[in-house]
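Chemist: Okay, so here is work17.cif, and as you'll see once you scroll down, it has mmCIF, C-alpha atoms.
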```cif
data_start
loop_
_atom_site.label_atom_id
_atom_site.label_comp_id
_atom_site.auth_asym_id
_atom_site.auth_seq_id
_atom_site.Cartn_x
_atom_site.Cartn_y
_atom_site.Cartn_z
CA MET A 1 115.15 86.01 130.01
CA GLN A 2 112.56 87.98 128.09
CA PHE A 3 112.64 88.16 124.28
CA MET A 4 108.91 87.99 123.56
CA SER A 5 108.25 91.65 122.84
CA ASP A 6 109.56 95.15 123.44
CA ASN A 7 106.10 95.81 124.88
CA ALA A 8 107.23 93.72 127.86
CA ALA A 9 110.18 96.01 128.63
CA ALA A 10 110.44 98.13 131.74
CA VAL A 11 109.40 101.77 131.88
CA HIS A 12 112.45 104.02 131.64
CA PRO A 13 113.39 105.77 134.92
CA ASN A 14 113.21 109.17 133.21
CA VAL A 15 109.60 108.48 132.35
CA TRP A 16 108.77 107.60 135.95
CA ALA A 17 110.47 110.82 137.09
CA ALA A 18 108.47 112.84 134.57
CA LEU A 19 105.21 111.27 135.73
CA LEU A 20 105.99 112.15 139.34
CA ALA A 21 106.90 115.71 138.37
CA ALA A 22 103.60 116.06 136.49
CA ASP A 23 101.60 115.12 139.60
CA ALA A 24 100.43 118.63 140.40
CA PRO A 25 97.24 120.52 139.57
CA ASP A 26 96.95 121.76 136.00
CA ALA A 27 94.28 122.30 133.37
CA PRO A 28 92.41 119.11 132.39
CA TYR A 29 92.33 117.24 129.09
CA ASP A 30 94.95 118.70 126.72
CA GLY A 31 94.85 122.24 128.11
CA ASP A 32 97.82 121.69 130.43
CA ALA A 33 101.27 123.16 130.11
CA LEU A 34 102.93 119.87 129.17
CA SER A 35 100.52 119.09 126.33
CA ALA A 36 101.05 122.62 125.04
CA ARG A 37 104.76 121.85 124.57
CA LEU A 38 104.30 118.84 122.31
CA ASP A 39 103.99 120.60 118.97
CA ALA A 40 107.20 122.54 119.50
CA ALA A 41 109.03 119.46 120.80
CA PHE A 42 108.17 117.45 117.70
CA ALA A 43 108.89 120.42 115.43
CA GLU A 44 112.42 120.25 116.81
CA VAL A 45 112.62 116.54 116.02
CA PHE A 46 111.36 116.88 112.46
CA GLY A 47 112.53 120.38 111.56
CA ARG A 48 109.10 121.62 110.51
CA PRO A 49 105.73 122.50 112.05
CA CYS A 50 103.96 119.53 113.65
CA TRP A 51 100.57 119.05 115.25
CA THR A 52 100.57 116.36 117.91
CA LEU A 53 97.94 114.39 119.81
CA TRP A 54 98.64 111.97 122.63
CA VAL A 55 96.67 108.73 122.91
CA ALA A 56 96.97 105.65 125.10
CA SER A 57 97.79 102.96 122.55
CA GLY A 58 99.39 102.30 119.20
CA THR A 59 96.10 100.95 117.89
CA ALA A 60 94.39 104.26 118.67
CA ALA A 61 97.27 106.21 117.15
CA ASN A 62 97.18 104.28 113.89
CA CYS A 63 93.44 104.15 113.54
CA LEU A 64 92.66 107.72 114.54
CA ALA A 65 95.23 108.91 112.01
CA LEU A 66 93.69 106.73 109.30
CA SER A 67 90.19 107.92 110.21
CA THR A 68 91.17 111.44 109.16
CA MET A 69 92.35 110.18 105.76
CA VAL A 70 89.94 107.44 104.74
CA PRO A 71 86.17 107.91 104.47
CA PRO A 72 83.81 105.06 105.37
CA GLN A 73 83.34 104.18 101.71
CA GLY A 74 87.10 104.31 101.00
CA ALA A 75 90.16 102.13 101.53
CA ALA A 76 93.76 102.20 102.68
CA VAL A 77 96.46 100.12 101.03
CA CYS A 78 98.75 98.24 103.41
CA HIS A 79 100.96 95.16 103.36
CA LYS A 80 99.17 91.88 104.03
CA LEU A 81 101.31 91.45 107.19
CA ALA A 82 100.73 95.01 108.43
CA HIS A 83 99.85 95.44 112.08
CA ILE A 84 96.64 97.23 111.16
CA GLU A 85 95.58 94.12 109.23
CA GLN A 86 96.92 91.33 111.43
CA ASP A 87 96.93 92.60 115.00
CA GLU A 88 94.40 95.33 115.67
CA GLY A 89 91.19 93.35 115.92
CA GLY A 90 89.35 95.19 113.16
CA ALA A 91 90.04 98.58 114.77
CA PRO A 92 90.75 100.35 111.45
CA GLY A 93 87.27 99.48 110.22
CA PHE A 94 85.79 100.51 113.57
CA PHE A 95 87.51 103.92 113.70
CA THR A 96 86.85 104.67 110.01
CA HIS A 97 83.23 103.47 110.24
CA GLY A 98 83.70 100.70 107.72
CA ALA A 99 86.59 101.60 105.43
CA LYS A 100 88.42 98.71 103.80
CA LEU A 101 92.06 97.59 103.87
CA LEU A 102 93.51 96.65 100.48
CA LEU A 103 96.31 94.14 100.99
CA ALA A 104 99.50 94.20 98.94
CA GLU A 105 102.54 91.93 98.73
CA GLY A 106 106.20 92.78 99.22
CA ASP A 107 109.42 91.18 100.48
CA GLY A 108 110.20 91.81 104.13
CA ALA A 109 106.65 93.14 104.65
CA LYS A 110 107.62 96.23 102.66
CA LEU A 111 105.33 97.97 100.22
CA THR A 112 106.66 99.15 96.86
CA PRO A 113 105.08 101.41 94.24
CA ALA A 114 104.72 98.38 91.96
CA GLY A 115 103.01 96.36 94.67
CA ILE A 116 100.66 99.21 95.49
CA ALA A 117 99.85 99.75 91.83
CA GLY A 118 99.08 96.07 91.46
CA VAL A 119 96.32 96.45 94.06
CA ILE A 120 94.79 99.78 93.10
CA ASP A 121 95.19 99.90 89.31
CA PRO A 122 92.53 97.22 88.65
CA ILE A 123 89.95 99.16 90.68
CA LYS A 124 87.40 100.80 88.44
CA ARG A 125 86.09 104.29 89.04
CA GLY A 126 82.49 104.49 90.14
CA VAL A 127 80.20 104.00 93.09
CA HIS A 128 80.23 100.21 92.82
CA TRP A 129 83.89 99.91 93.78
CA VAL A 130 85.74 100.92 96.93
CA GLN A 131 88.20 103.69 96.06
CA PRO A 132 91.66 103.96 97.67
CA ALA A 133 92.22 107.05 99.82
CA ALA A 134 95.48 106.34 101.64
CA ILE A 135 98.60 104.19 101.87
CA SER A 136 99.88 102.91 105.21
CA ILE A 137 103.44 101.68 105.74
CA THR A 138 105.16 100.37 108.88
CA GLN A 139 108.61 101.52 110.04
CA ALA A 140 110.24 99.14 110.88
CA THR A 141 108.09 96.50 109.21
CA GLU A 142 106.43 93.49 110.77
CA ARG A 143 109.37 91.43 109.47
CA GLY A 144 111.95 93.73 111.03
CA ARG A 145 112.91 95.49 107.80
CA VAL A 146 113.59 99.21 107.48
CA TYR A 147 112.42 101.50 104.69
CA THR A 148 115.24 103.74 103.44
CA PRO A 149 114.61 107.43 102.72
CA ALA A 150 114.62 106.65 99.01
CA GLU A 151 112.02 103.90 99.43
CA VAL A 152 109.68 106.08 101.46
CA THR A 153 110.15 108.93 98.97
CA GLU A 154 109.16 106.66 96.08
CA ILE A 155 105.94 105.76 97.87
CA GLY A 156 105.40 109.39 98.86
CA LEU A 157 105.69 110.52 95.25
CA MET A 158 103.26 107.84 94.19
CA ALA A 159 100.83 108.94 96.88
CA ARG A 160 101.09 112.53 95.69
CA ASP A 161 100.58 111.57 92.05
CA ARG A 162 97.58 109.39 92.90
CA ARG A 163 96.16 111.98 95.34
CA LEU A 164 96.41 109.56 98.26
CA TRP A 165 97.33 110.30 101.87
CA LEU A 166 100.41 108.55 103.29
CA HIS A 167 100.33 107.21 106.86
CA MET A 168 103.25 105.65 108.73
CA ASP A 169 102.93 103.25 111.63
CA GLY A 170 106.10 104.27 113.45
CA ALA A 171 105.83 101.89 116.39
CA ARG A 172 109.56 101.16 115.92
CA LEU A 173 110.58 104.42 114.27
CA ALA A 174 113.41 104.83 116.79
CA ASN A 175 114.93 101.50 115.73
CA ALA A 176 114.71 102.49 112.08
CA VAL A 177 116.32 105.90 112.60
CA ALA A 178 119.07 104.32 114.71
CA PHE A 179 119.73 101.71 112.04
CA LEU A 180 119.86 104.20 109.18
CA GLY A 181 121.68 106.95 111.04
CA CYS A 182 119.48 109.52 109.30
CA GLU A 183 117.36 112.43 110.40
CA PRO A 184 113.81 111.39 111.36
CA ALA A 185 112.38 113.71 108.71
CA ALA A 186 114.22 111.85 105.94
CA ILE A 187 111.99 108.81 106.38
CA SER A 188 108.79 110.67 107.19
CA CYS A 189 107.67 114.22 106.41
CA ASP A 190 110.46 115.01 103.93
CA ALA A 191 109.55 111.83 102.06
CA GLY A 192 105.85 112.64 101.80
CA VAL A 193 104.35 111.16 104.99
CA HIS A 194 101.31 113.15 106.19
CA ALA A 195 100.89 111.57 109.62
CA LEU A 196 102.67 109.00 111.73
CA SER A 197 102.31 107.09 114.95
CA PHE A 198 105.45 107.92 116.93
CA GLY A 199 106.13 104.84 119.03
CA MET A 200 106.83 105.33 122.72
CA VAL A 201 105.51 102.32 124.65
CA LYS A 202 107.79 99.80 122.92
CA ASN A 203 110.74 102.11 123.53
CA GLY A 204 110.63 102.88 127.25
CA GLY A 205 107.29 104.63 127.67
CA MET A 206 104.47 103.40 129.87
CA SER A 207 101.06 104.31 128.47
CA ALA A 208 101.39 107.09 125.91
CA GLU A 209 101.79 107.20 122.16
CA ALA A 210 101.92 110.26 119.92
CA ILE A 211 100.16 110.91 116.62
CA VAL A 212 102.28 113.44 114.75
CA PHE A 213 100.56 115.25 111.89
CA PHE A 214 102.37 117.22 109.21
CA ASP A 215 99.03 118.53 107.93
CA GLU A 216 97.12 120.90 110.20
CA GLY A 217 93.76 120.06 108.66
CA LEU A 218 94.13 116.38 109.46
CA ALA A 219 95.17 117.22 113.01
CA GLU A 220 92.08 119.33 113.57
CA ILE A 221 89.82 116.48 112.45
CA ALA A 222 91.72 114.05 114.67
CA GLY A 223 91.16 116.23 117.73
CA TYR A 224 87.41 115.85 117.44
CA ARG A 225 87.64 112.14 116.69
CA ARG A 226 89.96 111.49 119.63
CA LYS A 227 87.28 112.91 121.94
CA ARG A 228 84.50 110.95 120.24
CA ALA A 229 86.53 107.74 120.49
CA GLY A 230 87.04 108.14 124.24
CA HIS A 231 90.76 108.88 124.06
CA LEU A 232 90.77 112.45 125.38
CA GLN A 233 91.92 111.64 128.89
CA SER A 234 91.06 114.14 131.61
CA LYS A 235 94.58 114.05 133.05
CA GLY A 236 96.34 114.23 129.74
CA ARG A 237 99.38 115.87 131.30
CA PHE A 238 100.54 112.41 132.39
CA LEU A 239 100.62 111.24 128.77
CA ALA A 240 102.35 114.41 127.61
CA ALA A 241 104.91 114.03 130.40
CA GLN A 242 105.91 110.58 129.17
CA ILE A 243 106.32 111.74 125.59
CA LEU A 244 108.36 114.81 126.52
CA ALA A 245 110.62 112.71 128.74
CA MET A 246 111.31 110.37 125.82
CA LEU A 247 112.13 113.27 123.50
CA GLU A 248 114.39 115.07 125.96
CA ASN A 249 118.07 114.68 125.05
CA LYS A 250 116.97 112.20 122.34
CA LEU A 251 116.27 109.45 124.85
CA TRP A 252 113.91 107.84 122.29
CA LEU A 253 116.81 107.45 119.86
CA GLU A 254 119.24 106.27 122.55
CA ASN A 255 116.78 103.57 123.56
CA GLY A 256 116.19 102.49 119.97
CA LEU A 257 119.93 102.14 119.44
CA ALA A 258 120.30 100.09 122.63
CA ALA A 259 117.59 97.68 121.47
CA ASN A 260 119.25 97.34 118.06
CA GLN A 261 122.63 96.64 119.63
CA ALA A 262 121.07 93.95 121.80
CA ALA A 263 119.56 92.30 118.72
CA ALA A 264 122.94 92.37 117.00
CA ILE A 265 124.44 90.34 119.87
CA VAL A 266 121.77 87.66 119.46
CA ALA A 267 122.16 87.69 115.68
CA ARG A 268 125.82 86.74 115.96
CA GLY A 269 124.76 83.35 117.27
CA ALA A 270 122.03 82.83 114.68
CA ALA A 271 124.28 82.35 111.63
CA ASP A 272 122.32 80.86 108.73
CA ARG A 273 119.10 80.58 110.75
CA LEU A 274 118.09 84.17 110.02
CA LEU A 275 115.02 84.43 107.80
CA GLU A 276 115.37 88.21 107.43
CA PRO A 277 118.32 90.61 107.78
CA VAL A 278 118.43 92.12 111.27
CA GLU A 279 117.85 95.85 110.71
CA GLY A 280 116.32 96.74 114.05
CA ASN A 281 115.38 94.88 117.19
CA GLN A 282 113.41 91.96 115.72
CA LEU A 283 114.90 88.59 114.77
CA PHE A 284 113.16 85.91 112.72
CA LEU A 285 114.85 82.52 112.91
CA ARG A 286 114.40 79.15 111.28
CA MET A 287 113.89 76.78 114.20
CA SER A 288 112.09 73.49 114.79
CA ALA A 289 109.60 72.91 117.57
CA ALA A 290 112.11 70.71 119.40
CA GLU A 291 114.79 73.40 119.22
CA ARG A 292 112.38 76.04 120.49
CA ALA A 293 111.49 73.78 123.39
CA ARG A 294 115.18 73.38 124.28
CA LEU A 295 115.64 77.16 124.40
CA ARG A 296 112.58 77.58 126.60
CA GLU A 297 113.90 74.93 128.96
CA GLN A 298 116.96 77.15 129.38
CA GLY A 299 114.80 80.08 130.44
CA PHE A 300 114.36 82.05 127.20
CA ALA A 301 110.91 83.50 126.43
CA PHE A 302 109.95 84.28 122.83
CA TYR A 303 107.16 83.75 120.32
CA ASP A 304 106.78 81.04 117.70
CA GLN A 305 106.74 82.20 114.09
CA GLY A 306 104.73 79.55 112.33
CA PRO A 307 105.50 75.82 112.70
CA ASP A 308 109.21 76.12 111.87
CA GLY A 309 110.30 79.52 113.10
CA ALA A 310 110.83 81.79 116.07
CA ARG A 311 110.48 85.55 116.56
CA MET A 312 112.69 87.20 119.15
CA VAL A 313 112.57 90.88 120.07
CA THR A 314 115.06 92.85 122.11
CA ALA A 315 114.32 96.08 123.98
CA TRP A 316 116.02 99.16 125.36
CA ASP A 317 116.63 97.35 128.64
CA SER A 318 117.73 93.94 127.30
CA LYS A 319 120.70 92.79 129.35
CA PRO A 320 123.83 92.13 127.25
CA GLU A 321 124.57 88.99 129.25
CA HIS A 322 121.10 87.62 128.46
CA CYS A 323 121.59 88.42 124.77
CA GLN A 324 124.97 86.71 124.77
CA ALA A 325 123.54 83.68 126.56
CA LEU A 326 120.78 83.43 123.94
CA ALA A 327 123.28 83.76 121.10
CA GLU A 328 125.36 80.93 122.54
CA ALA A 329 122.31 78.78 123.18
CA ILE A 330 121.13 79.21 119.56
CA ALA A 331 124.62 78.46 118.22
CA GLY A 332 124.65 75.28 120.31
CA LEU A 333 121.38 73.85 119.02
#
```
So that I can check it, write out the structure of this file as structure tokens.
Modeler:
Amino acid sequence: MQFMSDNAAAVHPNVWAALLAADAPDAPYDGDALSARLDAAFAEVFGRPCWTLWVASGTAANCLALSTMVPPQGAAVCHKLAHIEQDEGGAPGFFTHGAKLLLAEGDGAKLTPAGIAGVIDPIKRGVHWVQPAAISITQATERGRVYTPAEVTEIGLMARDRRLWLHMDGARLANAVAFLGCEPAAISCDAGVHALSFGMVKNGGMSAEAIVFFDEGLAEIAGYRRKRAGHLQSKGRFLAAQILAMLENKLWLENGLAANQAAAIVARGAADRLLEPVEGNQLFLRMSAAERARLREQGFAFYDQGPDGARMVTAWDSKPEHCQALAEAIAGL
């Protein structure tokens, strides 16, 4: 019974069908008919013009986006627990040719204007000091928390006032939108986000992620850098096919909601063990090593969260009976 990561979930049948349908001759790279539909498809999602690039991984999506915003001598502000800091093997520095990450604090792995100001205000102007160029936030955060439209807007206004770009790692954007019940634009472009990684692989995709730009100039730069970074695949139609399948009939949102509902079942058995409110599909629980061992003996797979905690993640295809069994097993510890 798999609760390690939504990356471990199955590929959605609609995605497999789209891949099979795309298996016909077409123009190479991103000159195919499917890739040509992406901008319009995302414009429908966000209600404004979008410029979209497919890539093969979330790391590439985040770091290519940041590379258009942050020069080698610059910096991006992110939370100290952000994926780009903790889990991407130095890729932001690689893609930006040496730019720095400035790490801020915040409850639930959320950034706030005050936390951002605390990092960038002490930086002096001048060539001796790395200057901030962008802010990067994660939706939902690495602690499973969701930024509200008002919270993103506050950061967006700060970015505008400080002349900084605003990037969003939207690996679990679907879970956040499903939790809030809002329009996707309310927590992205309408709130001041200039580019985001639109998560697909964690949500039923196989091997495609989308970088959605709300600034055409950034998108143009990213196109060149995608090629230079080795991410312009010759049969790009197979990546575009996955993305379009996820967008069709709002499958991406349906899957995000299913994952959230699965997490809610598990949460009912967690009671006072929860270290964070469950606002998406991630659960962080207070749990001893002995208790974690007992759950694993019963067939549950999950990650440790430090010496006294556990992290459990549900997915679009999590079976309700497995979630209920986990909830009962946790309650019985």
Chemist: Between A:Trp51, A:Tyr29, A:Tyr224, A:Phe300, which residue has the minimum interatomic distance to Met1 of chain A, considering all atoms listed in the file?
Modeler: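 The answer is A:Phe300, which sits nearest to Met1 of chain A.
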Chemist: Ranking A:Arg162, A:His83, A:Arg226, A:Arg286 by minimum distance to Arg311 of chain A and counting only C-alpha atoms, which one comes first?
Modeler: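 Of A:Arg162, A:His83, A:Arg226, A:Arg286, the one nearest Arg311 of chain A is A:Arg286, counting only C-alpha atoms.
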Chemist: Got a sec to resolve the PyMOL selection byres ((chain A and resi 259) around 7) on this structure and send the residues as a ChimeraX atom specification?
Modeler: /A:255-258,260-263,281,314-316,318
Chemist: For the file shown, report as a list in words the outcome of the PyMOL selection byres ((chain A and resi 222) around 8) at residue level.
Modeler: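 Those residues are Leu64, Ala65, Ser67, Thr68, Leu218, Ala219, Glu220, Ile221, Gly223, Tyr224, Arg225 and Arg226 of chain A.
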Chemist: With C-alpha atoms retained, write the just-selected residues as a CSV table (one decimal), keeping the file's coordinate frame.
Modeler:
```csv
chain,number,residue,atom,x,y,z
A,64,LEU,CA,92.7,107.7,114.5
A,65,ALA,CA,95.2,108.9,112.0
A,67,SER,CA,90.2,107.9,110.2
A,68,THR,CA,91.2,111.4,109.2
A,218,LEU,CA,94.1,116.4,109.5
A,219,ALA,CA,95.2,117.2,113.0
A,220,GLU,CA,92.1,119.3,113.6
A,221,ILE,CA,89.8,116.5,112.4
A,223,GLY,CA,91.2,116.2,117.7
A,224,TYR,CA,87.4,115.8,117.4
A,225,ARG,CA,87.6,112.1,116.7
A,226,ARG,CA,90.0,111.5,119.6
```
Chemist: Give me the result of the PyMOL selection byres ((chain A and resi 187) around 8) on this file, residue by residue, as a PyMOL selection string.
Modeler: chain A and resi 147-149+152-153+183-186+188-191
Chemist: Pick out the closest residue to Arg145 of chain A from this set: A:Ala60, A:His97, A:Asp169, A:Leu283. Count only C-alpha atoms.
Modeler: A:Leu283
Chemist: In Å, rounded to a single decimal, give me how far atom CA of Glu254 of chain A is from atom CA of Gln139 of chain A.
Modeler: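 Result for atom CA of Gln139 of chain A versus atom CA of Glu254 of chain A: 17.1 Å, one decimal.
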